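Participant: Just one file: data_12.txt, with compact mmCIF, C-alpha atoms (C1' of nucleotides).
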# COMPACT_ATOMS: atom_id res chain seq x y z
CA MET V 28 15.89 -27.53 2.06
CA ILE V 29 15.64 -23.76 2.28
CA LEU V 30 17.71 -21.15 0.49
CA LYS V 31 19.95 -18.95 2.61
CA SER V 32 18.40 -15.66 3.63
CA GLN V 33 21.45 -14.09 1.97
CA VAL V 34 19.77 -14.91 -1.36
CA GLU V 35 16.82 -12.71 -0.45
CA TRP V 36 19.18 -9.97 0.75
CA ALA V 37 21.25 -10.09 -2.43
CA LEU V 38 18.17 -9.82 -4.64
CA HIS V 39 16.82 -6.82 -2.75
CA CYS V 40 20.25 -5.16 -2.76
CA CYS V 41 20.61 -5.66 -6.50
CA ALA V 42 17.18 -4.11 -7.00
CA ILE V 43 18.41 -1.02 -5.18
CA LEU V 44 21.71 -0.95 -7.04
CA ALA V 45 19.77 -1.21 -10.30
CA GLY V 46 18.27 2.20 -9.59
CA LEU V 47 21.60 3.84 -8.79
CA PRO V 48 22.73 6.48 -11.32
CA GLU V 49 25.70 5.69 -13.55
CA GLY V 50 29.03 5.87 -11.74
CA ARG V 51 27.65 6.08 -8.21
CA TYR V 52 28.39 3.53 -5.48
CA LEU V 53 26.39 2.39 -2.47
CA SER V 54 28.07 1.07 0.69
CA THR V 55 27.31 -2.05 2.71
CA LYS V 56 26.38 0.25 5.55
CA ALA V 57 23.67 2.01 3.54
CA LEU V 58 22.31 -1.25 2.12
CA ALA V 59 22.24 -2.84 5.56
CA GLU V 60 20.50 0.12 7.11
CA PHE V 61 17.95 0.36 4.31
CA HIS V 62 16.96 -3.29 4.66
CA GLY V 63 17.43 -3.59 8.41
CA LEU V 64 20.10 -6.27 8.03
CA PRO V 65 23.29 -7.08 10.00
CA LYS V 66 25.99 -5.09 8.25
CA GLU V 67 28.87 -7.52 8.76
CA TYR V 68 26.94 -10.53 7.53
CA LEU V 69 25.33 -8.74 4.63
CA SER V 70 28.89 -7.83 3.66
CA LYS V 71 29.59 -11.53 3.05
CA ALA V 72 26.70 -11.75 0.60
CA LEU V 73 27.90 -8.66 -1.24
CA GLN V 74 31.39 -10.13 -1.37
CA SER V 75 29.87 -13.17 -3.06
CA LEU V 76 28.30 -10.93 -5.68
CA SER V 77 31.66 -9.22 -6.14
CA GLN V 78 33.55 -12.51 -6.52
CA ALA V 79 31.01 -13.62 -9.11
CA GLY V 80 31.68 -10.43 -11.04
CA LEU V 81 28.11 -9.19 -10.74
CA VAL V 82 29.08 -5.94 -9.02
CA HIS V 83 32.01 -3.56 -9.04
CA THR V 84 33.47 -2.10 -5.88
CA THR V 85 35.57 0.85 -4.81
CA LEU V 86 37.26 1.52 -1.51
CA GLY V 87 37.43 4.55 0.70
CA PRO V 88 34.78 7.02 1.80
CA SER V 89 32.11 7.20 -0.91
CA GLY V 90 33.08 3.68 -1.86
CA GLY V 91 30.77 0.73 -2.12
CA TYR V 92 29.01 -1.30 -4.80
CA ARG V 93 27.48 -0.78 -8.20
CA LEU V 94 26.20 -3.27 -10.76
CA ALA V 95 28.77 -4.60 -13.20
CA ARG V 96 26.13 -5.05 -15.91
CA THR V 97 22.81 -3.50 -16.80
CA PRO V 98 19.74 -4.86 -14.97
CA ALA V 99 18.63 -6.44 -18.26
CA GLU V 100 21.86 -8.41 -18.40
CA LEU V 101 21.59 -9.76 -14.87
CA THR V 102 19.37 -12.76 -14.13
CA PHE V 103 17.97 -14.15 -10.91
CA LEU V 104 20.09 -17.21 -11.55
CA ASP V 105 23.27 -15.11 -11.61
CA ILE V 106 22.44 -13.70 -8.20
CA VAL V 107 21.14 -16.91 -6.65
CA GLU V 108 24.16 -18.89 -7.81
CA ALA V 109 26.59 -16.20 -6.68
CA VAL V 110 25.29 -16.53 -3.13
CA GLU V 111 24.09 -20.11 -2.95
CA GLY V 112 26.68 -21.73 -5.19
CA LYS V 113 26.29 -23.58 -8.47
CA ALA V 114 26.09 -27.06 -6.97
CA ARG V 115 22.97 -29.04 -7.74
CA THR V 116 20.36 -29.31 -5.01
CA PHE V 117 20.32 -33.09 -5.25
CA VAL V 118 23.50 -34.94 -4.40
CA CYS V 119 23.89 -38.54 -5.54
CA ASN V 120 25.65 -40.66 -2.96
CA ASN V 121 25.63 -43.62 -5.31
CA ILE V 122 24.05 -45.95 -2.81
CA ARG V 123 23.52 -48.53 -5.57
CA GLU V 124 27.19 -49.39 -4.97
CA ASN V 125 26.09 -51.07 -1.76
CA ASN V 126 23.79 -53.54 -3.53
CA PRO V 127 24.89 -56.89 -2.12
CA CYS V 128 24.18 -58.58 -5.46
CA ARG V 129 26.54 -56.28 -7.30
CA PRO V 130 29.54 -58.12 -8.79
CA GLN V 131 32.92 -57.29 -7.23
CA GLY V 132 34.71 -54.54 -9.11
CA TYR V 133 31.63 -53.75 -11.16
CA CYS V 134 31.85 -50.08 -12.08
CA GLU V 135 28.75 -47.96 -12.78
CA SER V 136 29.26 -46.11 -16.01
CA SER V 137 26.92 -43.16 -15.55
CA PRO V 138 24.66 -41.47 -13.01
CA CYS V 139 21.65 -43.57 -12.09
CA ALA V 140 18.11 -42.72 -13.16
CA VAL V 141 17.23 -41.30 -9.76
CA SER V 142 19.92 -38.63 -10.07
CA ARG V 143 19.04 -37.87 -13.64
CA PHE V 144 15.39 -37.19 -12.87
CA MET V 145 16.26 -35.12 -9.82
CA TRP V 146 18.80 -33.12 -11.81
CA GLU V 147 16.21 -32.45 -14.52
CA ALA V 148 14.00 -30.86 -11.87
CA ASP V 149 16.96 -28.87 -10.60
CA GLU V 150 17.59 -27.66 -14.13
CA ALA V 151 13.92 -26.66 -14.51
CA TRP V 152 14.35 -24.51 -11.41
CA ARG V 153 17.49 -22.91 -12.79
CA ALA V 154 15.93 -22.37 -16.21
CA LYS V 155 13.11 -20.44 -14.58
CA LEU V 156 15.56 -18.34 -12.56
CA ARG V 157 17.60 -17.77 -15.71
CA SER V 158 14.54 -16.41 -17.49
CA VAL V 159 13.95 -13.66 -14.94
CA ARG V 160 16.06 -10.55 -15.41
CA LEU V 161 16.84 -8.04 -12.70
CA SER V 162 15.05 -5.51 -14.90
CA ASP V 163 11.90 -7.64 -14.63
CA LEU V 164 12.15 -7.32 -10.88
CA THR V 165 12.59 -3.57 -10.85
CA GLU V 166 9.67 -3.16 -13.25
CA ALA V 167 7.46 -5.28 -11.03
CA LEU V 168 8.57 -3.40 -7.93
CA ALA V 169 7.91 -0.06 -9.59
CA GLN V 170 4.38 -1.26 -10.28
CA GLU V 171 3.58 -2.53 -6.82
CA ILE V 172 5.34 -0.01 -4.58
CA PRO V 173 3.42 3.24 -3.99
CA ALA V 174 4.96 6.03 -6.09
CA GLU V 175 5.66 8.14 -3.02
CA LEU V 176 7.51 5.41 -1.17
CA TRP V 177 9.43 4.50 -4.31
CA LYS V 178 10.53 8.14 -4.73
CA SER V 179 11.49 8.75 -1.11
CA SER V 180 13.43 5.49 -1.01
CA PHE V 181 15.62 6.57 -3.89
CA GLU V 182 16.14 9.97 -2.34
CA TRP V 183 17.25 8.19 0.83
CA VAL V 184 19.64 6.06 -1.18
CA LEU V 185 21.05 8.92 -3.24
CA GLU V 186 21.86 10.90 -0.10
CA ARG V 187 24.15 8.05 0.91
CA ALA V 188 25.57 7.05 -2.47
CA GLY V 189 29.18 7.95 -3.14
CA MET W 11 20.78 -25.66 -0.22
CA ILE W 12 20.93 -29.41 -0.60
CA LEU W 13 18.15 -31.95 -0.25
CA LYS W 14 18.38 -34.42 2.62
CA SER W 15 20.00 -37.70 1.73
CA GLN W 16 16.78 -39.26 3.00
CA VAL W 17 15.19 -38.10 -0.26
CA GLU W 18 17.63 -40.22 -2.23
CA TRP W 19 17.04 -43.15 0.13
CA ALA W 20 13.27 -42.87 -0.14
CA LEU W 21 13.36 -42.81 -3.94
CA HIS W 22 15.57 -45.90 -4.13
CA CYS W 23 13.43 -47.71 -1.57
CA CYS W 24 10.25 -46.91 -3.50
CA ALA W 25 11.87 -48.26 -6.64
CA ILE W 26 12.45 -51.54 -4.85
CA LEU W 27 8.96 -51.61 -3.35
CA ALA W 28 7.58 -50.99 -6.84
CA GLY W 29 8.95 -54.38 -7.90
CA LEU W 30 7.47 -56.22 -4.95
CA PRO W 31 4.69 -58.70 -5.81
CA GLU W 32 1.15 -57.85 -4.72
CA GLY W 33 0.55 -58.32 -1.01
CA ARG W 34 4.17 -58.77 0.02
CA TYR W 35 5.98 -56.51 2.47
CA LEU W 36 9.62 -55.53 2.82
CA SER W 37 11.16 -54.57 6.15
CA THR W 38 13.34 -51.60 7.04
CA LYS W 39 16.09 -54.07 7.83
CA ALA W 40 16.08 -55.52 4.31
CA LEU W 41 15.89 -52.10 2.66
CA ALA W 42 18.73 -50.79 4.81
CA GLU W 43 20.90 -53.81 4.12
CA PHE W 44 20.24 -53.70 0.39
CA HIS W 45 21.25 -50.04 0.14
CA GLY W 46 23.94 -50.05 2.81
CA LEU W 47 22.12 -47.51 4.94
CA PRO W 48 21.77 -47.02 8.71
CA LYS W 49 18.63 -48.97 9.60
CA GLU W 50 17.41 -46.72 12.40
CA TYR W 51 17.73 -43.54 10.40
CA LEU W 52 16.30 -44.99 7.22
CA SER W 53 13.35 -45.98 9.38
CA LYS W 54 12.60 -42.29 9.88
CA ALA W 55 12.41 -41.74 6.13
CA LEU W 56 10.09 -44.71 5.71
CA GLN W 57 7.93 -43.39 8.53
CA SER W 58 7.64 -40.14 6.57
CA LEU W 59 6.42 -42.09 3.55
CA SER W 60 3.95 -43.90 5.79
CA GLN W 61 2.64 -40.69 7.35
CA ALA W 62 2.16 -39.25 3.87
CA GLY W 63 0.09 -42.28 2.95
CA LEU W 64 2.45 -43.40 0.18
CA VAL W 65 3.11 -46.81 1.71
CA HIS W 66 1.21 -49.32 3.81
CA THR W 67 2.77 -51.12 6.74
CA THR W 68 2.25 -54.23 8.78
CA LEU W 69 3.80 -55.25 12.06
CA GLY W 70 5.35 -58.42 13.27
CA PRO W 71 7.69 -60.92 11.60
CA SER W 72 7.21 -60.73 7.84
CA GLY W 73 5.98 -57.18 8.35
CA GLY W 74 7.30 -54.10 6.63
CA TYR W 75 6.32 -51.79 3.80
CA ARG W 76 4.54 -51.95 0.48
CA LEU W 77 3.37 -49.19 -1.84
CA ALA W 78 -0.08 -47.78 -1.15
CA ARG W 79 -0.61 -46.99 -4.86
CA THR W 80 0.64 -48.30 -8.16
CA PRO W 81 4.02 -46.96 -9.37
CA ALA W 82 2.15 -45.07 -12.09
CA GLU W 83 0.14 -43.24 -9.44
CA LEU W 84 3.16 -42.18 -7.40
CA THR W 85 5.20 -39.17 -8.47
CA PHE W 86 8.67 -37.98 -7.50
CA LEU W 87 7.00 -34.96 -5.95
CA ASP W 88 4.93 -37.19 -3.66
CA ILE W 89 8.08 -38.84 -2.37
CA VAL W 90 10.23 -35.71 -2.18
CA GLU W 91 7.55 -33.79 -0.33
CA ALA W 92 6.87 -36.66 2.03
CA VAL W 93 10.48 -36.57 3.19
CA GLU W 94 11.51 -32.97 2.64
CA GLY W 95 8.22 -31.28 3.45
CA LYS W 96 5.93 -29.15 1.34
CA ALA W 97 7.35 -25.79 2.35
CA ARG W 98 8.70 -23.61 -0.43
CA THR W 99 12.46 -23.46 -0.80
CA PHE W 100 12.45 -19.67 -0.70
CA VAL W 101 11.28 -18.01 2.49
CA CYS W 102 10.31 -14.35 2.39
CA ASN W 103 11.39 -12.53 5.53
CA ASN W 104 9.67 -9.39 4.32
CA ILE W 105 12.71 -7.21 4.77
CA ARG W 106 10.96 -4.40 2.90
CA GLU W 107 9.25 -3.71 6.21
CA ASN W 108 12.54 -2.29 7.43
CA ASN W 109 12.66 0.41 4.74
CA PRO W 110 13.27 3.58 6.76
CA CYS W 111 11.11 5.58 4.32
CA ARG W 112 8.12 3.34 4.86
CA PRO W 113 5.20 5.19 6.52
CA GLN W 114 4.33 4.10 10.06
CA GLY W 115 1.62 1.45 10.12
CA TYR W 116 1.85 0.96 6.38
CA CYS W 117 0.84 -2.60 5.68
CA GLU W 118 2.06 -4.52 2.64
CA SER W 119 -0.90 -6.11 0.95
CA SER W 120 0.75 -9.00 -0.84
CA PRO W 121 4.07 -10.85 -1.29
CA CYS W 122 6.72 -8.69 -2.93
CA ALA W 123 7.98 -9.31 -6.45
CA VAL W 124 11.15 -11.00 -5.21
CA SER W 125 9.15 -13.73 -3.49
CA ARG W 126 6.79 -14.15 -6.40
CA PHE W 127 9.60 -14.75 -8.88
CA MET W 128 11.40 -17.10 -6.52
CA TRP W 129 8.20 -19.02 -5.87
CA GLU W 130 7.60 -19.37 -9.58
CA ALA W 131 10.97 -21.08 -9.88
CA ASP W 132 10.10 -23.29 -6.93
CA GLU W 133 6.87 -24.22 -8.66
CA ALA W 134 8.76 -25.05 -11.87
CA TRP W 135 10.89 -27.46 -9.83
CA ARG W 136 7.82 -29.08 -8.30
CA ALA W 137 6.03 -29.26 -11.65
CA LYS W 138 8.95 -31.21 -13.05
CA LEU W 139 8.98 -33.56 -10.07
CA ARG W 140 5.22 -33.97 -10.39
CA SER W 141 5.64 -35.03 -14.01
CA VAL W 142 7.91 -37.95 -13.17
CA ARG W 143 6.13 -41.11 -12.06
CA LEU W 144 7.71 -43.86 -10.03
CA SER W 145 6.95 -46.13 -12.98
CA ASP W 146 9.15 -43.88 -15.14
CA LEU W 147 11.97 -44.52 -12.70
CA THR W 148 11.59 -48.28 -12.65
CA GLU W 149 11.43 -48.35 -16.45
CA ALA W 150 14.63 -46.33 -16.68
CA LEU W 151 16.35 -48.51 -14.09
CA ALA W 152 15.29 -51.67 -15.90
CA GLN W 153 16.93 -50.25 -19.01
CA GLU W 154 20.23 -49.23 -17.44
CA ILE W 155 20.85 -52.00 -14.93
CA PRO W 156 22.35 -55.18 -16.37
CA ALA W 157 19.66 -57.84 -16.64
CA GLU W 158 21.59 -60.26 -14.45
CA LEU W 159 22.03 -57.76 -11.62
CA TRP W 160 18.40 -56.71 -11.91
CA LYS W 161 17.29 -60.33 -11.62
CA SER W 162 19.55 -61.28 -8.72
CA SER W 163 18.56 -58.13 -6.84
CA PHE W 164 14.91 -59.07 -6.95
CA GLU W 165 15.68 -62.61 -5.89
CA TRP W 166 17.59 -61.15 -2.96
CA VAL W 167 14.63 -58.97 -2.08
CA LEU W 168 12.03 -61.71 -2.45
CA GLU W 169 13.95 -63.98 -0.10
CA ARG W 170 13.46 -61.34 2.59
CA ALA W 171 9.95 -60.13 1.74
CA GLY W 172 7.17 -61.14 4.11
C1' DT D 16 5.00 -67.68 24.20
C1' DT D 17 8.64 -65.76 21.65
C1' DA D 18 10.73 -63.27 18.12
C1' DT D 19 10.14 -59.62 14.90
C1' DT D 20 8.26 -55.62 13.28
C1' DA D 21 6.77 -50.26 12.74
C1' DA D 22 6.11 -46.09 15.43
C1' DG D 23 7.72 -42.65 17.90
C1' DG D 24 10.13 -40.15 21.75
C1' DA D 25 14.59 -38.84 23.66
C1' DT D 26 19.08 -37.84 23.01
C1' DA D 27 23.68 -37.34 20.84
C1' DT D 28 26.80 -35.84 17.10
C1' DA D 29 28.09 -33.47 12.84
C1' DA D 30 27.44 -30.03 9.56
C1' DA D 31 25.63 -25.77 7.83
C1' DA D 32 23.66 -21.19 8.43
C1' DT D 33 23.95 -17.03 10.81
C1' DA D 34 26.34 -13.97 12.70
C1' DT D 35 30.36 -10.97 15.03
C1' DC D 36 35.03 -9.34 15.49
C1' DC D 37 39.41 -7.87 13.93
C1' DC D 38 43.11 -6.77 10.74
C1' DT D 39 44.73 -5.04 6.13
C1' DA D 40 45.09 -2.29 1.99
C1' DT D 41 42.91 1.22 -0.48
C1' DT D 42 40.81 5.64 -1.27
C1' DC D 43 38.74 10.00 -0.34
C1' DC D 44 39.01 14.41 1.78
C1' DA D 45 40.11 18.09 4.89
C1' DT M 27 49.86 14.41 4.56
C1' DG M 28 47.06 12.35 8.09
C1' DG M 29 42.56 10.68 9.48
C1' DA M 30 38.29 8.52 8.42
C1' DA M 31 35.67 5.39 5.69
C1' DT M 32 35.58 1.61 2.74
C1' DA M 33 35.81 -3.59 0.82
C1' DG M 34 38.12 -7.97 1.63
C1' DG M 35 39.03 -11.64 4.17
C1' DG M 36 40.39 -14.60 8.20
C1' DA M 37 39.07 -16.31 12.73
C1' DT M 38 35.69 -17.45 15.83
C1' DA M 39 31.13 -17.97 18.13
C1' DT M 40 26.20 -19.16 18.14
C1' DT M 41 22.09 -21.20 16.39
C1' DT M 42 19.71 -24.32 13.55
C1' DT M 43 19.34 -28.34 10.78
C1' DA M 44 20.75 -32.89 9.30
C1' DT M 45 22.34 -37.17 10.64
C1' DA M 46 22.34 -40.91 13.65
C1' DT M 47 21.50 -43.94 17.71
C1' DC M 48 18.92 -45.81 21.53
C1' DC M 49 14.92 -47.27 23.90
C1' DT M 50 10.01 -48.30 24.82
C1' DT M 51 5.48 -49.70 23.13
C1' DA M 52 1.92 -52.14 20.59
C1' DA M 53 0.95 -55.29 17.00
C1' DT M 54 1.63 -59.64 14.63
C1' DA M 55 3.21 -64.07 12.81
C1' DA M 56 4.95 -68.58 13.73
As structure tokens - that is how I would like this structure written.
Facilitator:
Amino acid sequence: MILKSQVEWALHCCAILAGLPEGRYLSTKALAEFHGLPKEYLSKALQSLSQAGLVHTTLGPSGGYRLARTPAELTFLDIVEAVEGKARTFVCNNIRENNPCRPQGYCESSPCAVSRFMWEADEAWRAKLRSVRLSDLTEALAQEIPAELWKSSFEWVLERAG
Amino acid sequence: MILKSQVEWALHCCAILAGLPEGRYLSTKALAEFHGLPKEYLSKALQSLSQAGLVHTTLGPSGGYRLARTPAELTFLDIVEAVEGKARTFVCNNIRENNPCRPQGYCESSPCAVSRFMWEADEAWRAKLRSVRLSDLTEALAQEIPAELWKSSFEWVLERAG
DNA sequence: TTATTAAGGATATAAAATATCCCTATTCCA
DNA sequence: TGGAATAGGGATATTTTATATCCTTAATAA
């Protein structure tokens, strides 16, 4: 069970978009080039962010993406779920229905204990993701990336932002 | 990102093995029949449990599986990791290396903030799974399964246990 | 001796992830 | 006003993973 690489791409793209000045847009092309990613496929991940309402888009030259909310109002969970979906990571196939001792027509009322425990763990994962804001990420990145690289990266981005 | 159905199978099988009297063994065939699962494929999941040291096996007629530890000493994490593997659910492909502004030969010292946050969430998931013992599962099942079905199921199992 | 079992290798099939391509409507700009 | 660039989305291809089956081997109980 491994998350799609699109999750990683979306998080890095949002980190870049978080640093974009008010009203500017950044295209798929620029984001793909900056991260060394396949443009067409990255586009699908960005479309997922758009459909989830996390980013705004415009068309035409100088079009592209910008965040729909402030980085403090965007969580890791928002981004992960936009790309990966909201479905739980554990699916109950209700195999207890196959118990040969089970009376005919007997109907299970609620999810079995196995599912419940697994879903609690899933929720713990989501709770942690929910607690991390995009602004936490950009602060951490600003700390760990050398000031010079940080600066030149944003110059690179701004040259291409519409 | 969805866990293998083998995880669900392994958990249900361990719950059954937890109720097996000391020194008895239950075969793949019986476990597959009880849960309505493909015997050959379930066998792979049970082999994973065996390789992880969670169950003991014997060969021959009346052979099969029994738990290697008490249900209180077996956690959900043990079982999930035995089947699903111990690898983290988020893989860092280090796409920051593709940053066109990055100096030649510049070598990132440590995992980037994206990975760290994602791995924290992964660890929260594992911590929750680690906190649930197999004995917690059997207690919950004993509560929610009608007494009659619970009883007849174990009679069914004992008839087939070697 | 015979039947039954777990283990594991080889292979087949189905589903999901990872792309790529192409068409459309919109928007900017010369 | 026309041409270029953009997001959106549908169709399709490729690769990887999950699911499943088959077969052989060694061990074991009756």
Participant: For Leu38 in chain V, which residue among W:Ser125, W:Ser119, W:Gln153, W:Ser60 is the nearest when counting all atoms listed in the file?
Facilitator: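 Nearest to Leu38 in chain V: W:Ser125.
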Participant: Given a cut-off of 8 Å, which residues of chain W touch chain V, counting all atoms listed in the file, written out as a ChimeraX atom specification?
Facilitator: /W:11-15,18,21-22,44-46,94,98-103,105-112,122-124,127-128,130-136,138-139,142,147,150-151,154,159,162-163,166
Participant: Once 3 Å is added on each side, what are the centre and the three edge lengths, in Å to one decimal, of the axis-aligned box enclosing the listed atoms of range 30-41 of chain M? Present them as AutoDock Vina command-line options.
Facilitator:
--center_x 31.2 --center_y -6.3 --center_z 9.5 --size_x 24.3 --size_y 35.7 --size_z 23.3
Participant: Sorted by chain and rising residue number, list the residues of chain V at most 6 Å from chain D (counting only C-alpha atoms (C1' of nucleotides)), each with its closest atom pair and distance in Å to one decimal, as a Markdown table.
Facilitator:
| residue | atom | partner | partner_atom | distance |
| --- | --- | --- | --- | --- |
| V:Leu86 | CA | D:DT42 | C1' | 5.4 |
| V:Gly87 | CA | D:DT42 | C1' | 4.1 |
| V:Pro88 | CA | D:DC43 | C1' | 5.4 |
Participant: Tell me, in Å to one decimal, how far C1' of DA46 in chain M is from CA of Tyr51 in chain W.
Facilitator: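 Atom-to-atom, C1' of DA46 in chain M to CA of Tyr51 in chain W, that is 6.2 Å.
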Participant: Which residue, W:Ala28, W:Ser53, W:Cys23, W:Ser72, has the smallest gap to chain M when you use all atoms listed in the file?
Facilitator: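 Using all atoms listed in the file, chain M sits closest to W:Ser72.
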Participant: Find the distance between CA of Ala78 in chain W and CA of Leu64 in chain W and write it in Å to one decimal.
Facilitator: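 Distance reported for this atom pair: 5.2 Å.
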Participant: Kindly determine which residues of chain M lie within 8 Å of chain V, considering all atoms listed in the file, and give the answer as a PyMOL selection string.
Facilitator: chain M and resi 30-34
Participant: Those residues with C-alpha atoms (C1' of nucleotides), as a compact mmCIF listing (two decimals), in the coordinates of the input please?
Facilitator:
# COMPACT_ATOMS: atom_id res chain seq x y z
C1' DA M 30 38.29 8.52 8.42
C1' DA M 31 35.67 5.39 5.69
C1' DT M 32 35.58 1.61 2.74
C1' DA M 33 35.81 -3.59 0.82
C1' DG M 34 38.12 -7.97 1.63
Participant: For the atom pair CA of Cys41 in chain V and CA of Leu185 in chain V, what is the interatomic distance in Å to one decimal place?
Facilitator: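 Distance reported for this atom pair: 14.9 Å.
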Participant: Of the candidates W:Ala55, W:Leu84, W:Tyr35, W:Glu50, which shows the shortest atom-to-atom distance to DC49 in chain M, using all atoms listed in the file?
Facilitator: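 Once distances to DC49 in chain M are computed over all atoms listed in the file, the minimum belongs to W:Glu50.
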